[in-house]
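J.: Mind having a look at this structure? Questions to follow.
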Amino acid sequence: MSYEFKSLLPKSDSARIIYQSFRQKFGSDGGVMFVAVQDSNFFTLDKFNAAYDLTREIKNMKGIEEVISIPQMYVLSRNDSLKKFVFHPALVRKPRSQEELDAFHRRLLRLPFYEGLLYNSHSHVYLMGITLNHDILNSKKRTFLVRELIDKIDTYCDTYHITPHYSGLPYIRTISAAKVEKEMKFFVILSMLIASLLLFLFFRNIRAVIFPMFIVLINLLIVFGSMVLFGYRVTMLTGIIPPLLIVIIVENSIFILNKYYTEYQQHKNKILGLHRVIMRIGYANLLTNATTAAGFVAFIITRNELLVEFGIIASLNIIIAYVLTLFLIPIFFSFLPAPKERHYKHLSGGKITAILSAITRLITHKPKFVYISIFLLLLLSISGILQLETTGRIVDDIPQGDELYQDLMFFEKHFNGIMPLEISIDLGRKKGIQNLRNIKKIDRLQQVLSGYPQLSKSLSVANVIKYAKQTFYRGKPSMYSLPNNQEKAFIFSYFPKLKSKKKKNILHNFVDSTQRYTRISVQMANLGTYQIEQLEKEIQQRADSIFSPRKYKVNLTGTSIVFLKGTKYLVNNLFSSLLLAVLIISILMFLLFNSFRMVFISLIPNFIPLFITAAMMGYFGISIKPSTVLIFSIALGISVDNSIHFLSRYRLHLNQDGWNIKEAAIATLQETGFSMIYSSIILFFGFIVFVLSSFGGTQALGYLIAFTLIVALLSNLILLPTLILSLDRWLTTKAFKEPFLEVFDEEDDIELTKLEIEEPEPKSINSKQH
């Protein structure tokens, strides 16, 4: 499993470079886990002292770097003998009486520095911030550490009947990774059960279930083996590859088995049937799997680490799945007895035959109705597409009813959010932070930030200096303000030096060792990318009006900004990958059909479902974001399989039926319709299971692709043969008859039923005696 936070941006992107530079100066901004409780009776002796013990116990845990809470808060004090400010715990021991605790509570309320950071005095909400070790944060140990933390905190809260609320990126990532691991196993088992059930219903043969499932197990081993060989780990994306491959393997098996049973029904020769399966379906399946793989290969150009890994592993294993099914299915069935009538009875009657007959009547007698219906659907689609929005949130895939999301909303309500937003300020020269004018500019920018309700209280060196002035004047709350020029000299002389990074102090969190670079830290609500973008522009403009770009350099960075830039970059590149997928698929189909006209016509029934899906997203308010835009490349690569199988068989029937276009089209529909419907049903259920996921992105992937594939099935069953019949002579050219790649050569087909054993010539008596 992957436990690292993967950036959506390539390493060369300027936003990522700025963020990495920020982390080198000030450390990571996403390593704090937050715990909050709402309790108006928090400051009762037993309850508070238990919280004190809990905080100390957590701080002593391996993997915890720091804990800050009301019982474990730090304060400044003035040491006149040393002429220094001392930063030390507010409590060195537990309060021994309620009066002592009440006195501490009164001192706390006199510290504006912590209001809005550690507590909300109006709603009686108290917060604990737990900083995790960076190495543990990006390893499997994080899971055990977070679970241990939750157990300890839950025990305390259960004792005093308090509801804990958890959040922060370490917690969100841990819970999400655990869900990915759990769901991957669940979906693999569920997909295999559904695929097995459908295979049995289709073929009424347990062998048609066992052997494809055996190939599935082999391919799953190869999937995880290939991930290890490439040095990849299981992510939210690569976690859906195993159930995805199950439906692709079953789809391949359906085309092979349907062809095998069709052939056997005609001539009752098992070996001849298997031979024709390999010759006729083998090449077609190669092209269909290649086009499916193309939909995933296209992700490689995004230069996004997650999608590149997803594209490589998925496309490689799709081709491996093709090889396994082509080799093993015929081998397995060559050892088995010949099929019985019940195994291919579905090919000559039943509901599927009735559906195909109805479609045949529709395309031959009412083509205008087909075209008018498609035209009206496209008009409705345009209206829906115009309503599409491009947006996404940092915590976007979690359902609103999930406890994780509810806790996030709790933090937003009482602290205005917990998503890290950082403002990095280059003051232009060393020791620039000692200039009081620069500190006043920082304070002015913080006042601007306080006007945004979607931002929490900001924190900077200006807050520390205000706190220092209050401390210098013996803790008077009215003195919590910036010093004047006269006060500055005295107050600054009490601050420790910033020369050494080994001996850290309170200033190291906000100023680098050269005193040239500083930061303003703030948390934001879980906003959409459009809202973040608008907020970034406004803050950047206000910051530039305070800090002249000629002298200073102000950059907005942090996890929130990197996510915004990454989402925009990814969406733009995923559209590019869709165009690349179309190009690759078009080239493969041209090699197969040797006709630009036929390639163009074959893509129309597969583009229309994409338009309809995009319209549905617009009508239902499903936004364009990384988790939804990638469905178009995947769906196109899979849905075009039906066109390839249909047109491949259509060309064969043209040769067999003396170039009679109508008879060839109808015969093709009747023959390939079964496989197209069966495989689409398998694909539909293979993807629709993802709606059971607890991640919104995985759910969207499931129902959007499932919907697209059903629309693509109808489009290929109805629109494609209608186009062929309407444009007959314009489409069916000599080039189409003579392709670059021959799917199957009828002249090389061996009619084993006509083979005869040649009688040996009679031997002479002499030769016999000799």
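Residue names in the structure tokens use chain letters A, B, ... in the order shown, residue numbers from 1 in each chain, and ligand numbers from 1 in the order shown.
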Report the residues of region 10-68 of chain A whose backbone DSSP state falls under strand (DSSP E or B), written as a list in words.
T.: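 Reading the DSSP output for region 10-68 of chain A, strand (DSSP E or B) covers Val32, Met33, Phe34, Val35, Ala36, Val37, Gln38, Ile64, Glu65, Glu66, Val67 and Ile68 of chain A.
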J.: Need to verify the contact set: region 129-135 of chain A, 7 Å, only C-alpha atoms, exclusion of same-chain residues closer than 5 positions in sequence. Can you return it as a ChimeraX atom specification?
T.: /A:31-35,63-69
J.: Find the residues around Ile256 (chain A) up to 12 Å (only C-alpha atoms counted), leave out those fewer than 6 positions away in its own chain, and share them as an mmCIF file with C-alpha atoms, in the first residue's frame.
T.:
data_model
loop_
_atom_site.group_PDB
_atom_site.id
_atom_site.type_symbol
_atom_site.label_atom_id
_atom_site.label_comp_id
_atom_site.auth_asym_id
_atom_site.auth_seq_id
_atom_site.Cartn_x
_atom_site.Cartn_y
_atom_site.Cartn_z
ATOM 1 C CA ALA A 208 -17.374 -21.817 -18.817
ATOM 2 C CA PRO A 212 -12.133 -17.935 -17.055
ATOM 3 C CA ILE A 249 -10.911 -11.187 -19.025
ATOM 4 C CA VAL A 250 -14.534 -12.281 -18.847
ATOM 5 C CA THR A 262 -21.497 -20.895 -32.805
ATOM 6 C CA GLU A 263 -18.972 -22.852 -34.841
ATOM 7 C CA GLY A 273 -14.382 -24.778 -33.857
ATOM 8 C CA LEU A 274 -11.380 -24.053 -31.634
ATOM 9 C CA HIS A 275 -9.184 -23.517 -34.693
ATOM 10 C CA ARG A 276 -11.595 -20.955 -36.127
ATOM 11 C CA VAL A 277 -11.892 -19.262 -32.729
ATOM 12 C CA ILE A 278 -8.139 -18.629 -32.684
ATOM 13 C CA MET A 279 -8.020 -17.499 -36.326
ATOM 14 C CA ARG A 280 -11.131 -15.337 -36.357
ATOM 15 C CA ILE A 281 -11.503 -14.057 -32.805
ATOM 16 C CA GLY A 282 -7.803 -13.953 -31.919
ATOM 17 C CA TYR A 283 -6.950 -11.019 -34.184
ATOM 18 C CA ALA A 284 -10.169 -9.151 -33.393
ATOM 19 C CA ASN A 285 -9.598 -9.575 -29.653
ATOM 20 C CA LEU A 286 -6.021 -8.358 -30.101
ATOM 21 C CA TYR A 322 -5.544 -11.113 -23.894
ATOM 22 C CA THR A 325 -7.377 -15.992 -22.652
ATOM 23 C CA LEU A 326 -6.312 -16.647 -26.250
ATOM 24 C CA PHE A 327 -3.928 -19.423 -25.230
ATOM 25 C CA LEU A 328 -5.635 -21.021 -22.271
ATOM 26 C CA ILE A 329 -9.344 -21.072 -23.200
ATOM 27 C CA PRO A 330 -8.798 -23.123 -26.408
ATOM 28 C CA PHE A 333 -11.650 -26.764 -24.007
ATOM 29 C CA HIS A 645 -16.009 -6.990 -33.567
ATOM 30 C CA THR A 672 -22.129 -10.593 -33.032
ATOM 31 C CA PHE A 674 -25.071 -12.007 -28.642
ATOM 32 C CA SER A 675 -21.428 -11.391 -27.718
ATOM 33 C CA MET A 676 -21.877 -7.625 -27.700
ATOM 34 C CA TYR A 678 -23.321 -10.468 -23.094
ATOM 35 C CA SER A 679 -19.980 -8.667 -22.799
#
J.: Which residues of region 625-697 of chain A come within 7 Å of region 355-375 of chain A, and for each one, what is the closest pair of atoms and their distance in Å to one decimal, counting only C-alpha atoms, sorted by chain and residue number, as JSON lines?
T.:
{"residue": "A:Ile666", "atom": "CA", "partner": "A:Thr360", "partner_atom": "CA", "distance": 6.6}
{"residue": "A:Gln670", "atom": "CA", "partner": "A:Leu356", "partner_atom": "CA", "distance": 6.3}
{"residue": "A:Gly673", "atom": "CA", "partner": "A:Leu356", "partner_atom": "CA", "distance": 6.8}
J.: Between A:Ile301, A:Ile584, A:Leu669, A:Leu683, which residue has the minimum interatomic distance to Val247 (chain A), considering only C-alpha atoms?
T.: A:Leu683
J.: So that each row is one residue of region 28-117 of chain A with an atom at most 8 Å from region 402-415 of chain A, can you give its shortest atom pair and the distance in Å to one decimal, using only C-alpha atoms, rows by chain and rising number, as CSV?
T.:
residue,atom,partner,partner_atom,distance
A:Ala36,CA,A:Phe411,CA,7.9
A:Gly116,CA,A:Phe415,CA,6.3
A:Leu117,CA,A:Phe415,CA,7.5
J.: Would you tabulate, counting only C-alpha atoms, all residues of region 62-148 of chain A that have an atom at most 12 Å from an atom of region 153-166 of chain A, showing the closest pair of atoms and their distance in Å to one decimal, sorted by chain then ascending number, as a Markdown table?
T.:
| residue | atom | partner | partner_atom | distance |
| --- | --- | --- | --- | --- |
| A:Val125 | CA | A:His165 | CA | 10.4 |
| A:Tyr126 | CA | A:Pro164 | CA | 10.3 |
| A:Leu127 | CA | A:His165 | CA | 9.3 |
| A:Met128 | CA | A:Tyr166 | CA | 9.7 |
| A:Gly129 | CA | A:Tyr166 | CA | 10.3 |
| A:Ile130 | CA | A:Tyr166 | CA | 10.9 |
| A:Val146 | CA | A:Tyr166 | CA | 10.5 |
| A:Arg147 | CA | A:Ile153 | CA | 9.9 |
| A:Glu148 | CA | A:Ile153 | CA | 8.7 |
J.: Which one of A:Lys259, A:Ile18, A:Tyr552, A:Ser460 sits closest to Gly428 (chain A) if you count only C-alpha atoms?
T.: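 Distance minimum relative to Gly428 (chain A) lands on A:Tyr552.
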J.: So that I can see what lies close to region 224-241 of chain A, please list as a count of residues only the residues with an atom at most 8 Å from it, counting only C-alpha atoms and leaving out residues fewer than 4 positions away in the same chain.
T.: 14
J.: If you run DSSP over the backbone, which residues in region 523-613 of chain A end up alpha helix (DSSP H)? Put them as a PyMOL selection string.
T.: chain A and resi 529-546+559-593+596-613
J.: For each of A:Gly702, A:Lys476, A:Lys430, A:Leu527, take the minimum atom-to-atom distance to Asp512 (chain A), counting only C-alpha atoms, then give the residue where this is smallest.
T.: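 Of A:Gly702, A:Lys476, A:Lys430, A:Leu527, the one nearest Asp512 (chain A) is A:Lys430, counting only C-alpha atoms.
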J.: Find, counting only C-alpha atoms, the residue in A:Leu455, A:Lys94, A:Leu82, A:Leu580 that gets nearest to Ala51 (chain A).
T.: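 Once distances to Ala51 (chain A) are computed over only C-alpha atoms, the minimum belongs to A:Lys94.
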J.: I'd like to know which of A:Tyr452, A:Phe575, A:Tyr517, A:Phe22 is closest to Glu536 (chain A), using only C-alpha atoms.
T.: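 Using only C-alpha atoms, the shortest distance to Glu536 (chain A) belongs to A:Tyr452.
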J.: Identify, on the basis of only C-alpha atoms, every residue whose closest approach to Gly311 (chain A) does not exceed 6 Å; exclude the query and any residue fewer than 4 positions from it along the same chain; express the result as a VMD selection string.
T.: chain A and resid 296 to 297 299 to 300 307 315
J.: May I ask for the distance between CA of Ser139 (chain A) and CA of Asp29 (chain A), given in Å to one decimal place?
T.: 17.4 Å
J.: Can you pull out the residues contacting region 637-643 of chain A? Cut-off 7 Å, using only C-alpha atoms, and skip same-chain residues under 2 positions away; I want them as a compact mmCIF listing (two decimals) with N, CA and C atoms, in the first residue's frame.
T.:
# COMPACT_ATOMS: atom_id res chain seq x y z
N THR A 288 -9.20 -5.28 -30.06
CA THR A 288 -10.07 -4.72 -29.02
C THR A 288 -9.32 -4.50 -27.71
N THR A 291 -7.06 -1.44 -28.18
CA THR A 291 -7.77 -0.17 -28.05
C THR A 291 -8.14 0.12 -26.59
N THR A 292 -8.50 -0.94 -25.84
CA THR A 292 -8.78 -0.76 -24.41
C THR A 292 -7.51 -0.30 -23.69
N ALA A 293 -6.39 -0.95 -24.00
CA ALA A 293 -5.12 -0.55 -23.39
C ALA A 293 -4.75 0.87 -23.77
N ALA A 294 -5.11 1.28 -25.00
CA ALA A 294 -4.79 2.64 -25.46
C ALA A 294 -5.45 3.69 -24.57
N GLY A 295 -6.65 3.37 -24.08
CA GLY A 295 -7.33 4.30 -23.18
C GLY A 295 -6.56 4.53 -21.90
N SER A 602 -17.05 4.39 -37.58
CA SER A 602 -17.02 3.53 -36.40
C SER A 602 -16.82 4.32 -35.11
N ASN A 606 -19.32 5.66 -30.85
CA ASN A 606 -18.60 5.61 -29.58
C ASN A 606 -18.36 7.00 -28.99
N SER A 633 -11.56 8.46 -21.32
CA SER A 633 -10.55 7.66 -22.02
C SER A 633 -10.79 6.17 -21.81
N ILE A 634 -11.12 5.79 -20.57
CA ILE A 634 -11.35 4.37 -20.26
C ILE A 634 -12.57 3.86 -21.03
N ALA A 635 -13.68 4.61 -20.97
CA ALA A 635 -14.93 4.18 -21.61
C ALA A 635 -14.77 4.08 -23.11
N HIS A 645 -15.44 -5.65 -33.34
CA HIS A 645 -16.01 -6.99 -33.57
C HIS A 645 -17.09 -6.95 -34.64
N PHE A 646 -17.93 -5.93 -34.61
CA PHE A 646 -19.01 -5.83 -35.58
C PHE A 646 -18.46 -5.67 -37.00
N LEU A 647 -17.55 -4.72 -37.18
CA LEU A 647 -17.04 -4.44 -38.52
C LEU A 647 -16.15 -5.57 -39.04
N MET A 676 -21.87 -9.04 -28.08
CA MET A 676 -21.88 -7.62 -27.70
C MET A 676 -22.76 -7.39 -26.48
N LEU A 709 -21.11 2.66 -21.16
CA LEU A 709 -20.99 1.41 -21.90
C LEU A 709 -22.35 0.89 -22.36
N ALA A 712 -23.21 3.00 -25.25
CA ALA A 712 -22.35 2.59 -26.37
C ALA A 712 -22.84 1.29 -26.99
N ASN A 716 -23.88 1.04 -30.85
CA ASN A 716 -23.23 0.12 -31.80
C ASN A 716 -24.20 -0.89 -32.38
J.: For Lys440 (chain A), work out the shell of residues within 12 Å, counting only C-alpha atoms and skipping chain neighbours fewer than 6 positions away, then give it as JSON, numbers by chain.
T.: {"A": [433, 434, 446, 447, 460, 461, 462, 463, 465, 466, 481, 482, 483, 484, 485, 546, 547]}
J.: Keeping only N, CA and C atoms, write the selected residues to a file as an mmCIF file, in the first residue's frame.
T.:
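Written out: result.cif:
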data_model
loop_
_atom_site.group_PDB
_atom_site.id
_atom_site.type_symbol
_atom_site.label_atom_id
_atom_site.label_comp_id
_atom_site.auth_asym_id
_atom_site.auth_seq_id
_atom_site.Cartn_x
_atom_site.Cartn_y
_atom_site.Cartn_z
ATOM 1 N N ILE A 433 13.490 40.723 8.838
ATOM 2 C CA ILE A 433 12.409 40.586 9.819
ATOM 3 C C ILE A 433 12.607 41.526 10.995
ATOM 4 N N GLN A 434 13.831 42.064 11.177
ATOM 5 C CA GLN A 434 14.090 42.980 12.279
ATOM 6 C C GLN A 434 13.589 44.389 11.987
ATOM 7 N N GLN A 446 -2.367 40.062 7.620
ATOM 8 C CA GLN A 446 -3.153 39.190 8.481
ATOM 9 C C GLN A 446 -4.534 39.771 8.761
ATOM 10 N N GLN A 447 -4.610 41.086 8.876
ATOM 11 C CA GLN A 447 -5.918 41.732 9.062
ATOM 12 C C GLN A 447 -6.795 41.530 7.832
ATOM 13 N N SER A 460 1.676 34.230 12.540
ATOM 14 C CA SER A 460 2.941 34.658 11.941
ATOM 15 C C SER A 460 3.861 35.176 13.033
ATOM 16 N N VAL A 461 5.012 35.646 12.618
ATOM 17 C CA VAL A 461 5.950 36.233 13.572
ATOM 18 C C VAL A 461 5.357 37.472 14.219
ATOM 19 N N ALA A 462 4.425 38.139 13.540
ATOM 20 C CA ALA A 462 3.783 39.322 14.118
ATOM 21 C C ALA A 462 2.991 38.947 15.369
ATOM 22 N N ASN A 463 2.319 37.777 15.353
ATOM 23 C CA ASN A 463 1.599 37.314 16.535
ATOM 24 C C ASN A 463 2.552 37.041 17.686
ATOM 25 N N ILE A 465 5.439 38.469 18.183
ATOM 26 C CA ILE A 465 5.947 39.753 18.706
ATOM 27 C C ILE A 465 4.882 40.457 19.545
ATOM 28 N N LYS A 466 3.608 40.356 19.134
ATOM 29 C CA LYS A 466 2.516 40.913 19.957
ATOM 30 C C LYS A 466 2.465 40.208 21.313
ATOM 31 N N SER A 481 -0.206 43.818 21.173
ATOM 32 C CA SER A 481 -0.130 44.655 19.963
ATOM 33 C C SER A 481 1.320 44.777 19.554
ATOM 34 N N LEU A 482 1.555 45.319 18.367
ATOM 35 C CA LEU A 482 2.929 45.501 17.898
ATOM 36 C C LEU A 482 3.594 46.633 18.665
ATOM 37 N N PRO A 483 4.881 46.499 18.943
ATOM 38 C CA PRO A 483 5.590 47.554 19.668
ATOM 39 C C PRO A 483 5.877 48.754 18.770
ATOM 40 N N ASN A 484 6.100 49.903 19.393
ATOM 41 C CA ASN A 484 6.579 51.050 18.623
ATOM 42 C C ASN A 484 8.093 50.973 18.510
ATOM 43 N N ASN A 485 8.698 51.944 17.883
ATOM 44 C CA ASN A 485 10.147 51.902 17.651
ATOM 45 C C ASN A 485 10.938 51.896 18.946
ATOM 46 N N ILE A 546 0.300 45.482 -0.482
ATOM 47 C CA ILE A 546 0.978 45.752 0.788
ATOM 48 C C ILE A 546 2.489 45.582 0.636
ATOM 49 N N PHE A 547 2.901 44.483 0.001
ATOM 50 C CA PHE A 547 4.318 44.201 -0.248
ATOM 51 C C PHE A 547 4.604 44.492 -1.723
#
